[in-house]
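Colleague: Let me begin by handing over the structure; questions about it come next.
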Amino acid sequence: MIYIIDHQDSFTHNVVHQFESFDNVVCNNYNEINENKLNNADVIVLSPGPGAPKNYPITSNIYKKFKGKKKIIGICLGFQQILYCEKGKIIEQNKIYHGYQSQIKVTSKKSLFKKNHKFKVGRYHSLKLKEPFTAKNFEITMRCAISNTAMAIENNKEKVYGFQFHPESFLTENGNLLIKKILSA
Amino acid sequence: MTKINHLKKIAKLNKSFIIYKSDKGFDLYTDFSKKIILTNSNIKNFINKATQFKFKKKETDIFIGFFGYEILNNLIGVKVKKQKGLKFPKGIFYKPETKIKLQNKLDYKNLELIKSNKPFKININKASYKVIFDKFKKKIKSGETYQIKVCTKYSNKAKIDALDFFCRLVKTNVAPEAFMIKDKNYSIISCSPENLINKKNDFITTKPIAGTLKKTPKLDKTKALAFFRKNLKETKEHNMIVDMERSDLSKICKSGTVKILKKKIIEEYKDLYHYVSLISGKIKNNISSLDIIKAMMPGGSVIGCPKISTLNLLNNQEKESRNIYTGSFGYIKFNGDMRFNIIIRAILNYKNRSEISVASGVVIDSNAKHEFNENYIKAKALIDLYK
């Protein structure tokens, strides 16, 4: 079962439908967590949402508790949430991407995806990761083809994955395939 | 055979009535046997009960009316602080006993000229609009909202003949969701272009509009499409609305059934072009009318995104009640089928005061002066009716 933590976003249910094509999904608001179901989940998904990771301490605690024990996938704010918990700095960017389709590139050999593969994705973020960023077992694996902003992280050892873009957006090419691969990793 | 002029007749009888745009013309509803004034405490009960009456396949087996903005916020647990305003009901629904089909051309002339209209006043001037605008831009930078629609309101003292207003309005602007309500103490006249819910059996569609362009002799449909495709700001706003509406539908629809039937197309109207998408889904079993209304309302395209956090920002900012503006008008049939629009481009006349609200979007690359003027253009067609 996949447990999605909803940060009250207007895209969360697209995420739900996307994951439902692979497994059963339970989706709850971040401040109405069902502990029992969360404990029983195989995968935890941190949804997109407004604001910054520091606004969601409950989610930070869940991440720290289950890291290494369950597969964790973060999308947009969820991606930033993972980075924030790994001591990364999340900052405002000059150019803001809300409803923006842009091309990204797989930049790391350690990725589950083929290096140098390029594809189009949908983006909704005003914040980004400040670099340089290093954390044990974490690798930045995708970047914006133009601005070089970090677009994906993978930690294949502890099974933690995150996307700054939205795999569930209609603007993202092959979003389902992407999720399928992460879920079977 | 003489053709009855239903409009003349109904105006003379001084009855309450509703007119709503249909596929081929207009539908006139009257002879109301029930009138339900909605409050935060009776709304759930009303929606749940609306579909429990026996459906005898009569065309009048419906409740028709509107939900105001505030009651829809309350329904989804978003607070609206005490605001100034007309103290107009939060929502009203009627059970009609008569439905008459009317043609597209509405023929009505008012007999006595009413000339007691005062000039319109705006509630937020250009300077204060800019302050609000800049404040919200900061909120976009910090990620609290991705897009937010700031509302301004024009109001005046006026006695109006609502039917005359409506007939003149639809003469120049046959909007697909146009409607009017005439009751004893109030009237609403709207040329809303936007359908929010169209539900038949388990099939539901929503048709968000994001992007409007005024028609000129040089600008044909192809050029209008090219304009929107090239315009990054319009494209981003539209993309956002499409993903948001997909998500709203996904709350109530079977997994994997939510589809974009028409993606970013141009619809042509008499004076303007709209940039439109059509999204559909198949409703899950055990979903009630109340679930559907809560998932879809208030309509996202006129609020901003993400919905909850943006509504909270708006409600903290706005000192005056939106009343009907960005609420929804439409009907629920006894069998659960529904049609609802988003109330925009509307006049509310209550206690001899008229108000017209308009809004336009703040995204990161919009400009305060441009949006302020855009608001006036949106209100102008309605303000002109008072001349």
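FYI, nothing fancy with the structure tokens labels: chains A, B, ... in order, residues from 1 per chain, ligands from 1 as they appear.
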Where does chain B meet chain A within 8 Å, residue by residue, with the nearest atom pair and distance in Å to one decimal for each, counting only C-alpha atoms, listed by chain and rising number, as a Markdown table?

Modeller:
```
| residue | atom | partner | partner_atom | distance |
| --- | --- | --- | --- | --- |
| B:Ile140 | CA | A:Ser126 | CA | 7.1 |
| B:Lys141 | CA | A:Ser126 | CA | 5.6 |
| B:Ser142 | CA | A:Gly51 | CA | 6.3 |
| B:Gly143 | CA | A:Gly51 | CA | 4.6 |
| B:Glu144 | CA | A:Gly51 | CA | 4.5 |
| B:Thr145 | CA | A:Pro50 | CA | 6.2 |
| B:Tyr146 | CA | A:His98 | CA | 6.1 |
| B:Thr235 | CA | A:Gly99 | CA | 7.7 |
| B:Lys236 | CA | A:Gly99 | CA | 4.4 |
| B:Glu237 | CA | A:Gly99 | CA | 6.4 |
| B:His238 | CA | A:Gly99 | CA | 7.7 |
| B:Asn239 | CA | A:Gly99 | CA | 5.3 |
| B:Met240 | CA | A:Gly99 | CA | 4.9 |
| B:Asp243 | CA | A:Ser169 | CA | 6.2 |
| B:Met244 | CA | A:Ser10 | CA | 5.2 |
| B:Arg246 | CA | A:Asn14 | CA | 6.7 |
| B:Ser247 | CA | A:His13 | CA | 4.7 |
| B:Asp248 | CA | A:His13 | CA | 7.0 |
| B:Ser250 | CA | A:His13 | CA | 5.5 |
| B:Lys251 | CA | A:His13 | CA | 5.9 |
| B:Ser255 | CA | A:His17 | CA | 5.2 |
| B:Gly256 | CA | A:His17 | CA | 6.3 |
| B:Cys305 | CA | A:Ser10 | CA | 6.7 |
| B:Pro306 | CA | A:Ser10 | CA | 4.7 |
| B:Lys307 | CA | A:Ser10 | CA | 6.0 |
| B:Ile308 | CA | A:Gln8 | CA | 6.9 |
| B:Ser309 | CA | A:Pro50 | CA | 7.1 |
| B:Ile364 | CA | A:Ile96 | CA | 7.0 |
```

Colleague: Could the residues in this selection be written to a file with N, CA and C atoms, as a tab-separated table (two decimals), in the first residue's frame?

Modeller:
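Okay, this is what ended up in selection.tsv:
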```
chain	number	residue	atom	x	y	z
B	140	ILE	N	3.77	34.83	-3.85
B	140	ILE	CA	4.08	33.91	-4.95
B	140	ILE	C	5.55	33.51	-4.87
B	141	LYS	N	6.39	34.49	-4.58
B	141	LYS	CA	7.83	34.21	-4.47
B	141	LYS	C	8.12	33.23	-3.35
B	142	SER	N	7.37	33.33	-2.25
B	142	SER	CA	7.63	32.42	-1.13
B	142	SER	C	6.87	31.11	-1.29
B	143	GLY	N	6.12	30.99	-2.38
B	143	GLY	CA	5.48	29.70	-2.69
B	143	GLY	C	4.14	29.46	-2.03
B	144	GLU	N	3.58	30.48	-1.33
B	144	GLU	CA	2.30	30.27	-0.65
B	144	GLU	C	1.13	30.17	-1.62
B	145	THR	N	1.29	30.84	-2.75
B	145	THR	CA	0.30	30.71	-3.82
B	145	THR	C	1.06	30.72	-5.14
B	146	TYR	N	0.46	30.12	-6.19
B	146	TYR	CA	1.12	30.12	-7.49
B	146	TYR	C	0.43	31.13	-8.42
B	235	THR	N	-0.11	30.97	-21.16
B	235	THR	CA	0.08	29.52	-21.22
B	235	THR	C	0.27	28.93	-19.83
B	236	LYS	N	1.11	29.58	-19.03
B	236	LYS	CA	1.37	29.08	-17.68
B	236	LYS	C	0.11	29.12	-16.83
B	237	GLU	N	-0.64	30.22	-16.91
B	237	GLU	CA	-1.87	30.32	-16.13
B	237	GLU	C	-2.83	29.21	-16.52
B	238	HIS	N	-2.92	28.99	-17.81
B	238	HIS	CA	-3.86	27.97	-18.29
B	238	HIS	C	-3.43	26.57	-17.85
B	239	ASN	N	-2.14	26.27	-17.99
B	239	ASN	CA	-1.63	24.96	-17.58
B	239	ASN	C	-1.97	24.66	-16.13
B	240	MET	N	-1.78	25.68	-15.30
B	240	MET	CA	-2.03	25.54	-13.88
B	240	MET	C	-3.49	25.16	-13.61
B	243	ASP	N	-4.26	21.47	-14.63
B	243	ASP	CA	-3.82	20.49	-13.64
B	243	ASP	C	-4.67	20.56	-12.37
B	244	MET	N	-5.06	21.77	-11.99
B	244	MET	CA	-5.89	21.92	-10.79
B	244	MET	C	-7.26	21.28	-10.99
B	246	ARG	N	-8.05	18.92	-13.12
B	246	ARG	CA	-7.85	17.47	-13.19
B	246	ARG	C	-7.83	16.90	-11.77
B	247	SER	N	-7.14	17.61	-10.88
B	247	SER	CA	-7.03	17.13	-9.51
B	247	SER	C	-8.38	17.19	-8.79
B	248	ASP	N	-9.12	18.28	-8.98
B	248	ASP	CA	-10.45	18.39	-8.36
B	248	ASP	C	-11.35	17.25	-8.82
B	250	SER	N	-10.34	14.39	-9.94
B	250	SER	CA	-9.78	13.11	-9.47
B	250	SER	C	-10.26	12.75	-8.07
B	251	LYS	N	-10.66	13.78	-7.28
B	251	LYS	CA	-11.17	13.51	-5.94
B	251	LYS	C	-12.43	12.65	-5.99
B	255	SER	N	-10.32	6.08	-10.67
B	255	SER	CA	-8.91	6.20	-11.03
B	255	SER	C	-8.69	5.92	-12.51
B	256	GLY	N	-7.95	6.78	-13.13
B	256	GLY	CA	-7.61	6.57	-14.54
B	256	GLY	C	-8.66	7.05	-15.54
B	305	CYS	N	-4.45	29.27	-7.34
B	305	CYS	CA	-3.96	27.93	-7.10
B	305	CYS	C	-2.75	27.97	-6.17
B	306	PRO	N	-2.58	27.03	-5.23
B	306	PRO	CA	-3.53	25.98	-4.87
B	306	PRO	C	-4.72	26.57	-4.12
B	307	LYS	N	-5.85	25.88	-4.21
B	307	LYS	CA	-7.11	26.49	-3.84
B	307	LYS	C	-7.18	26.91	-2.37
B	308	ILE	N	-6.88	25.99	-1.45
B	308	ILE	CA	-7.11	26.28	-0.03
B	308	ILE	C	-6.21	27.42	0.46
B	309	SER	N	-4.94	27.32	0.17
B	309	SER	CA	-4.05	28.36	0.69
B	309	SER	C	-4.33	29.71	0.03
B	364	ILE	N	3.50	35.70	-11.38
B	364	ILE	CA	4.74	36.42	-11.10
B	364	ILE	C	5.04	37.48	-12.16
```

Colleague: Report as a Markdown table: every residue of segment 212-305 of chain B with an atom at most 9 Å from segment 71-78 of chain B, its closest pair of atoms, and their distance in Å to one decimal, counting only C-alpha atoms, with rows sorted by chain and ascending residue number.

Modeller:
```
| residue | atom | partner | partner_atom | distance |
| --- | --- | --- | --- | --- |
| B:Ile293 | CA | B:Leu72 | CA | 8.6 |
| B:Lys294 | CA | B:Ile76 | CA | 6.1 |
| B:Ala295 | CA | B:Ile76 | CA | 8.4 |
| B:Met297 | CA | B:Leu72 | CA | 6.4 |
| B:Pro298 | CA | B:Leu72 | CA | 6.0 |
```

Colleague: Write the residues you've just listed into a file as a PDB file, in the first residue's frame, and include all heavy atoms for each of them.

Modeller:
```pdb
ATOM      1  N   ILE B 293     -19.997  18.776  -5.189  1.00  0.00           N
ATOM      2  CA  ILE B 293     -19.976  20.229  -5.001  1.00  0.00           C
ATOM      3  C   ILE B 293     -18.754  20.646  -4.183  1.00  0.00           C
ATOM      4  O   ILE B 293     -18.067  21.616  -4.509  1.00  0.00           O
ATOM      5  CB  ILE B 293     -21.310  20.693  -4.368  1.00  0.00           C
ATOM      6  CG1 ILE B 293     -22.385  20.662  -5.458  1.00  0.00           C
ATOM      7  CG2 ILE B 293     -21.203  22.079  -3.747  1.00  0.00           C
ATOM      8  CD1 ILE B 293     -23.794  20.776  -4.974  1.00  0.00           C
ATOM      9  N   LYS B 294     -18.443  19.886  -3.147  1.00  0.00           N
ATOM     10  CA  LYS B 294     -17.283  20.211  -2.322  1.00  0.00           C
ATOM     11  C   LYS B 294     -15.958  20.049  -3.071  1.00  0.00           C
ATOM     12  O   LYS B 294     -15.001  20.778  -2.835  1.00  0.00           O
ATOM     13  CB  LYS B 294     -17.267  19.345  -1.059  1.00  0.00           C
ATOM     14  CG  LYS B 294     -18.226  19.863   0.008  1.00  0.00           C
ATOM     15  CD  LYS B 294     -18.462  18.846   1.098  1.00  0.00           C
ATOM     16  CE  LYS B 294     -17.293  18.709   2.041  1.00  0.00           C
ATOM     17  NZ  LYS B 294     -17.617  17.798   3.168  1.00  0.00           N
ATOM     18  N   ALA B 295     -15.923  19.098  -3.978  1.00  0.00           N
ATOM     19  CA  ALA B 295     -14.677  18.876  -4.738  1.00  0.00           C
ATOM     20  C   ALA B 295     -14.435  19.989  -5.758  1.00  0.00           C
ATOM     21  O   ALA B 295     -13.297  20.380  -6.002  1.00  0.00           O
ATOM     22  CB  ALA B 295     -14.731  17.525  -5.445  1.00  0.00           C
ATOM     23  N   MET B 297     -16.238  23.201  -6.040  1.00  0.00           N
ATOM     24  CA  MET B 297     -16.554  24.608  -5.733  1.00  0.00           C
ATOM     25  C   MET B 297     -15.777  25.107  -4.526  1.00  0.00           C
ATOM     26  O   MET B 297     -15.535  24.326  -3.626  1.00  0.00           O
ATOM     27  CB  MET B 297     -18.053  24.764  -5.467  1.00  0.00           C
ATOM     28  CG  MET B 297     -18.903  24.514  -6.680  1.00  0.00           C
ATOM     29  SD  MET B 297     -20.634  24.814  -6.268  1.00  0.00           S
ATOM     30  CE  MET B 297     -21.455  24.137  -7.706  1.00  0.00           C
ATOM     31  N   PRO B 298     -15.463  26.405  -4.448  1.00  0.00           N
ATOM     32  CA  PRO B 298     -15.628  27.381  -5.531  1.00  0.00           C
ATOM     33  C   PRO B 298     -14.668  27.077  -6.686  1.00  0.00           C
ATOM     34  O   PRO B 298     -13.579  26.567  -6.451  1.00  0.00           O
ATOM     35  CB  PRO B 298     -15.284  28.721  -4.864  1.00  0.00           C
ATOM     36  CG  PRO B 298     -14.508  28.386  -3.646  1.00  0.00           C
ATOM     37  CD  PRO B 298     -14.917  27.011  -3.224  1.00  0.00           C
TER      38      PRO B 298
END
```

Colleague: When you look at Asn40 of chain A with a cut-off of 9 Å (counting only C-alpha atoms), what residues show up, excluding the ones that are within fewer than 3 positions of it in the same chain? I need them as a PyMOL selection string.

Modeller: chain A and resi 1+3+35-37

Colleague: Please, could you write that set of residues out with N, CA, C and O atoms as an mmCIF file, in the first residue's frame?

Modeller:
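See selection12.cif below for the written result:
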```cif
data_model
loop_
_atom_site.group_PDB
_atom_site.id
_atom_site.type_symbol
_atom_site.label_atom_id
_atom_site.label_comp_id
_atom_site.auth_asym_id
_atom_site.auth_seq_id
_atom_site.Cartn_x
_atom_site.Cartn_y
_atom_site.Cartn_z
ATOM 1 N N MET A 1 0.843 -1.201 0.000
ATOM 2 C CA MET A 1 0.000 0.000 0.000
ATOM 3 C C MET A 1 0.885 1.261 0.000
ATOM 4 O O MET A 1 1.946 1.289 0.615
ATOM 5 N N TYR A 3 1.108 5.249 0.921
ATOM 6 C CA TYR A 3 0.493 6.276 1.766
ATOM 7 C C TYR A 3 0.942 7.652 1.274
ATOM 8 O O TYR A 3 2.131 7.972 1.293
ATOM 9 N N GLU A 35 -1.857 6.915 11.813
ATOM 10 C CA GLU A 35 -0.605 6.243 12.202
ATOM 11 C C GLU A 35 -0.596 4.775 11.793
ATOM 12 O O GLU A 35 0.407 4.259 11.288
ATOM 13 N N ASN A 36 -1.719 4.127 12.029
ATOM 14 C CA ASN A 36 -1.836 2.710 11.749
ATOM 15 C C ASN A 36 -1.566 2.406 10.270
ATOM 16 O O ASN A 36 -0.759 1.548 9.917
ATOM 17 N N LYS A 37 -2.238 3.155 9.430
ATOM 18 C CA LYS A 37 -2.085 2.949 7.987
ATOM 19 C C LYS A 37 -0.687 3.339 7.525
ATOM 20 O O LYS A 37 -0.105 2.687 6.659
#
```

Colleague: I need the residues in segment 31-153 of chain A that are strand (DSSP E or B) according to DSSP; give them as a count of residues only.

Modeller: 50

Colleague: Please identify all polymer residues within 10 Å of Ala41 of chain A, counting only C-alpha atoms, omitting same-chain residues fewer than 6 positions from it, and present them as a CSV table (one decimal) with all heavy atoms, in the first residue's frame.

Modeller:
```
chain,number,residue,atom,x,y,z
A,1,MET,N,0.8,-1.2,0.0
A,1,MET,CA,0.0,0.0,0.0
A,1,MET,C,0.9,1.3,0.0
A,1,MET,O,1.9,1.3,0.6
A,1,MET,CB,-0.9,0.0,1.2
A,1,MET,CG,-1.9,1.1,1.4
A,1,MET,SD,-1.3,2.3,2.6
A,1,MET,CE,-1.7,1.4,4.1
A,2,ILE,N,0.4,2.3,-0.7
A,2,ILE,CA,1.1,3.5,-0.8
A,2,ILE,C,0.4,4.6,0.0
A,2,ILE,O,-0.8,4.7,-0.1
A,2,ILE,CB,1.2,4.0,-2.3
A,2,ILE,CG1,2.0,3.0,-3.1
A,2,ILE,CG2,1.9,5.4,-2.4
A,2,ILE,CD1,1.9,3.2,-4.6
A,3,TYR,N,1.1,5.2,0.9
A,3,TYR,CA,0.5,6.3,1.8
A,3,TYR,C,0.9,7.7,1.3
A,3,TYR,O,2.1,8.0,1.3
A,3,TYR,CB,0.9,6.1,3.2
A,3,TYR,CG,0.1,6.9,4.2
A,3,TYR,CD1,-1.0,6.3,4.9
A,3,TYR,CD2,0.3,8.2,4.4
A,3,TYR,CE1,-1.7,7.0,5.8
A,3,TYR,CE2,-0.5,9.0,5.3
A,3,TYR,CZ,-1.5,8.4,6.0
A,3,TYR,OH,-2.3,9.1,6.9
A,4,ILE,N,0.0,8.5,0.8
A,4,ILE,CA,0.3,9.8,0.3
A,4,ILE,C,0.0,10.8,1.4
A,4,ILE,O,-1.2,10.9,1.9
A,4,ILE,CB,-0.4,10.1,-1.0
A,4,ILE,CG1,0.0,9.1,-2.1
A,4,ILE,CG2,-0.1,11.5,-1.4
A,4,ILE,CD1,-0.6,9.3,-3.4
A,24,ASN,N,-2.6,0.0,-4.2
A,24,ASN,CA,-3.7,0.7,-3.4
A,24,ASN,C,-3.0,1.9,-2.8
A,24,ASN,O,-1.9,1.9,-2.4
A,24,ASN,CB,-4.1,-0.2,-2.3
A,24,ASN,CG,-5.0,-1.3,-2.8
A,24,ASN,OD1,-5.7,-1.2,-3.9
A,24,ASN,ND2,-5.0,-2.5,-2.2
A,25,VAL,N,-3.9,3.0,-2.7
A,25,VAL,CA,-3.4,4.2,-2.2
A,25,VAL,C,-4.3,4.7,-1.0
A,25,VAL,O,-5.5,4.6,-1.1
A,25,VAL,CB,-3.3,5.3,-3.3
A,25,VAL,CG1,-3.1,6.7,-2.7
A,25,VAL,CG2,-2.3,5.0,-4.4
A,26,VAL,N,-3.6,5.2,0.0
A,26,VAL,CA,-4.4,5.9,1.1
A,26,VAL,C,-3.8,7.3,1.1
A,26,VAL,O,-2.6,7.5,1.0
A,26,VAL,CB,-4.1,5.3,2.5
A,26,VAL,CG1,-4.7,6.1,3.6
A,26,VAL,CG2,-4.7,3.9,2.5
A,35,GLU,N,-1.9,6.9,11.8
A,35,GLU,CA,-0.6,6.2,12.2
A,35,GLU,C,-0.6,4.8,11.8
A,35,GLU,O,0.4,4.3,11.3
A,35,GLU,CB,-0.4,6.3,13.7
A,35,GLU,CG,-0.3,7.7,14.3
A,35,GLU,CD,1.1,8.3,14.1
A,35,GLU,OE1,2.0,7.5,13.7
A,35,GLU,OE2,1.3,9.6,14.2
A,70,LYS,N,11.2,2.5,4.9
A,70,LYS,CA,10.3,2.4,3.8
A,70,LYS,C,10.8,3.2,2.7
A,70,LYS,O,11.5,4.1,2.8
A,70,LYS,CB,8.9,3.0,4.3
A,70,LYS,CG,8.2,2.2,5.3
A,70,LYS,CD,6.9,2.9,5.7
A,70,LYS,CE,6.2,2.3,6.9
A,70,LYS,NZ,5.8,1.0,6.9
A,71,LYS,N,10.3,2.9,1.5
A,71,LYS,CA,10.6,3.7,0.3
A,71,LYS,C,9.9,5.0,0.5
A,71,LYS,O,8.7,5.1,0.8
A,71,LYS,CB,10.1,3.0,-1.0
A,71,LYS,CG,10.6,3.7,-2.2
A,71,LYS,CD,10.2,3.0,-3.5
A,71,LYS,CE,11.1,1.8,-3.7
A,71,LYS,NZ,10.8,1.1,-4.9
```

Colleague: Measuring between only C-alpha atoms, which one of A:Asn34, A:Gln103, A:Ser147, A:Asn55 shows the shortest distance to Thr172 of chain A?

Modeller: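 Result for the nearest residue to Thr172 of chain A: A:Gln103.
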
Colleague: Calculated over only C-alpha atoms, which of the candidates A:Lys136, A:Lys159, A:Lys114, A:Lys120 has the smallest distance to Gly68 of chain A?

Modeller: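 The closest residue to Gly68 of chain A is A:Lys159.
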